[in-house]
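Trainee: Before I ask anything, here is the structure I am working with.
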Amino acid sequence: MTLSDGPIRQAALRIGPRAGVVLVAAVLFWLAAYLMPAGLAQLTLGLVGATLALVAIWVVVIKRAVARSVQGVYERAQALIGEDITPSILTGPEGKIIYSNPAAVQTFDAEEAVTLAGALRQLLANPGVILFRMESRAVAKGAAVEDVVTRAGHLHLSVHRAGPDHFLWRIEKSADRPQRDADPMPLPMLTVGRNEAVLFMNAAARALVGERARTLDRISSKLPLRSGQMNEIITPDGEVSCLVVELEGTAGRREVFLLPGIVGAERQPDGWAFFDDLPVPLLKVARDGGIQLSNRPARDLLGVASCKDALLSDVMEGLGRSITDWLDDAAAGRGTVHSEFLRVRREDREVFVQVTLNRAMEEGEVVLIAVLSDATELKSLEAQFVQSQKMQAIGQLAGGVAHDFNNLLTAISGHCDLLLLRHDQGDVDYSDLMQINQNANRAAALVSQLLAYSRKQTLRPQVVDLRDTLSDLTHLLNRLVGEKVTLSLSHDPTLSAIRADKRQLEQVLMNLVVNARDAMPEGGDIQIVTENLTLTEPLRRDRAVVAPGRYVSVQVIDEGLGIAPDKLQKVFEPFFTTKRTGEGTGLGLSTAYGIVKQTGGFIFVGSNPGEGTSFQLVFPAYLGDEKVEAIPKAAARNEAPVSGVILLVEDEAPVRAFASRALQLRGFTVLEAESAEDALELLTDEALKVDVFVTDVVMPGIDGPSWVQTALKERPDVRVVFMSGYAEETFGDAQAKIPNSIFLPKPFSLNELTETVHRQMG
């Protein structure tokens with residue numbers, strides 16, 4: 001991106017014509033003065049012309065100063081990130097692009113975009129929210145980093161403050177694929193081409209021979225090599241007897257394995273007795289898939305005592321097509337034979353193998369040598385990566401859907417509240433309105449579960465004593481479990497406090513107890529056990545690592561049917577349920593997972609089919625001495641009319657209409673604006689007095705916190721109510737800088753809105 005393309009440079013260049021116009025006007029005034037007779041009028045016109053001439057000169061001076069400033073910023077940015085292979089973009093106020101390095105221009109067409117949001121719109125559906133969140137954190141902490149799932153894969157975004165109004169962005173495509181071992185073959189192996197040229201030697205072969213040989217005669221003095229027999233191999237310590245195994249490759253190449261340490265006298269005449277002595281899992285497979293030979297490492301990997309009379313498809317699965325067809329293609333040399341990842345059919349544990357097939361000849365018949373490599377850890381890492389992608393993608397989807405639904409539910413429930421004000425319980429329409437209101441609340445609870453899963457709900461943490469919380473819940477929990485199930489509590493008498501959202505914590509416990517009840521249709525005992533947990537070493541469980549420290553553990557244990565091992569790792573996924581159709585939404589445990597993780601805790605599950613299931617919650621113990629104030633309870637509804645001027649800024653028309661009517665019914669004077677720009681234009685009237693700003697956070701154009709900060713420079717005493725369908729944590733850093741501001745999450749009711757604004761009025 002050249003300097004002439006930048007928006008600031010273009011603005012600077014536009015100053016030039018303006019100066020010319022002013023100068024022409026000055027000349028015209030002087031000419032008029034010259035034509036006028038001497039007197040006051042001539043003097044006045046001359047002074048006006050002189051003033052305009054000075055203005056033109058001053059504009060030219062400003063233009064040059066701005067150009068020098070922009071040129072300096074451009075040159076520093078070019079020197080810093082011009083040669084960087086990572087796409088990097090320097091932005092100014094309101095996200096306008098000042099400089100894009102060649103990598104960014106090539107990757108994101110940044111040269112055509114005016115703002116960073118515009119450059120990323122081809123990858124992100126709504127980049128404005130993410131960029132605003134990161135920029136807010138960068139303003140507070142100097143830098144911010146975030147990984148985002150896009151249609152094209154992972155993006156790693158980072159931003160650093162580069163001055164009062166400048167930010168340096170780096171956009172990297174994440175390379176999270178697990179790396180395979182560089183050399184999975186510990187045996188000496190080399191690839192031989194035509195004319196006995198050595199095309200490749202692995203590290204083990206180079207270590208055996210002592211160098212990178214170019215031809216086969218450097219490796220053995222007696223050629224040709226005899227496959228299946230002992231051959232003398234030249235090493236730095238002299239000739240060493242090695243068993244040589246040659247496998248036919250493609251394009252006239254041969255794969256040669258050198259097996260030192262095999263005693264020739266122990267070898268049977270058939271040439272295959274060495275199989276059991278090899279440290280690499282190997283199978284000799286017929287063209288039809290029958291396993292003819294197997295060595296001990298292969299049998300250990302497959303979990304069988306013998307492979308006699310077995311087919312390859314009997315011990316492995318998961319190719320996606322017929323294993324017999326795959327073997328037949330490999331035996332016939334059709335196409336390029338690649339290694340395949342297969343799942344071993346064994347019940348004790350899950351094992352994956354990477355199988356590589358190589359052709360060999362035996363008595364004129366083609367046989368296949370299958371080299372097995374344990375790929376369980378690799379597939380586990382790959383599964384974690386795929387799971388991480390899936391969970392993050394669903395979380396982002398849930399957060400976006402929840403935001404839109406919160407706006408809709410605010411309008412629905414709000415207008416329903418307005419209708420209820422005009423109908424009493426004896427009215428024929430009252431019951432219908434209550435049905436609308438109750439179902440809107442149920443929908444809001446479902447959206448809250450989505451936000452909880454995606455860890456983007458607004459939490460109100462306070463110091464919580466779990467013993468008191470469970471005591472308060474006991475009556476409700478006993479009603480939930482019914483008469484067939486017994487609920488017992490066991491507390492550590494010295495149990496530490498934790499810091500959490502009490503209401504959300506109660507929801508987690510109720511979800512776990514209800515699941516335990518459903519797992520025991522014939523009845524049983526549910527135990528809730530709390531205890532202090534002190535870790536001196538990291539606790540590793542279920543792919544999570546709990547750092548050393550003091551924690552509080554809560555276990556919910558049942559005697560139910562248990563969970564099958566293949567379903568155990570999926571229980572926290574949204575919409576996954578082990579219950580029958582219609583008996584569960586599959587959101588209970590995913591909600592619990594999101595709440596616990598957002599609180600900073602861990603949740604683990606253990607189960608034995610037929611013996612029961614145990615869920616363990618682990619929270620950091622609260623070690624602070626100060627007492628955190630409890631969340632104030634909602635004040636009693638006050639119907640007394642109030643007065644005050646409210647500036648309501650909301651881009652969603654139905655939400656704005658409901659909020660305006662609700663506030664007006666309470667007695668407030670409401671000024672409406674559908675954008676931040678409209679609000680700032682209203683505030684240009686200095687005679688206008690405003691008591692409270694009520695504004696949405698994320699809006700097209702200027703966002704809520706930005707316009708409020710601008711307005712407060714002239715009106716520092718105005719109080720602020722921010723409202724949003726996103727979680728408070730997405731802009732909490734920006735709100736913390738604004739005095740006398742509070743947050744009202746959507747959806748909110750008529751009473752919640754009016755009481756919140758009333759409290760802000762003081």
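Chain labels run A, B, ... following the order of the structure tokens; each chain numbers its residues from 1, and ligands are numbered from 1 in the order shown.
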Please list as a short mmCIF file (atom, residue, chain, number, x, y, z; two decimals) with C-alpha atoms, in the first residue's frame every residue within 6 Å of Val485 in chain A, counting only C-alpha atoms and excluding residues in the same chain fewer than 5 positions away.
Mentor:
data_model
loop_
_atom_site.label_atom_id
_atom_site.label_comp_id
_atom_site.auth_asym_id
_atom_site.auth_seq_id
_atom_site.Cartn_x
_atom_site.Cartn_y
_atom_site.Cartn_z
CA GLY A 523 -34.30 -45.24 42.66
CA GLY A 524 -31.06 -45.08 44.59
CA ASP A 525 -28.76 -42.73 46.49
#
Trainee: Go through A:Phe668, A:Phe743, A:Tyr430, A:Phe748 one by one, measure the shortest atom-to-atom distance of each to Val697 in chain A using only C-alpha atoms, and give the residue with the smallest value.
Mentor: A:Phe743
Trainee: Compare A:Ala286, A:Arg161, A:Asn126, A:Leu168 by their minimum atom-to-atom distance to Val148 in chain A, counting only C-alpha atoms, and give me the closest one.
Mentor: A:Asn126
Trainee: Suppose you want the space between CA of Gln462 in chain A and CA of Lys502 in chain A; what is it in Å?
Mentor: 7.1 Å
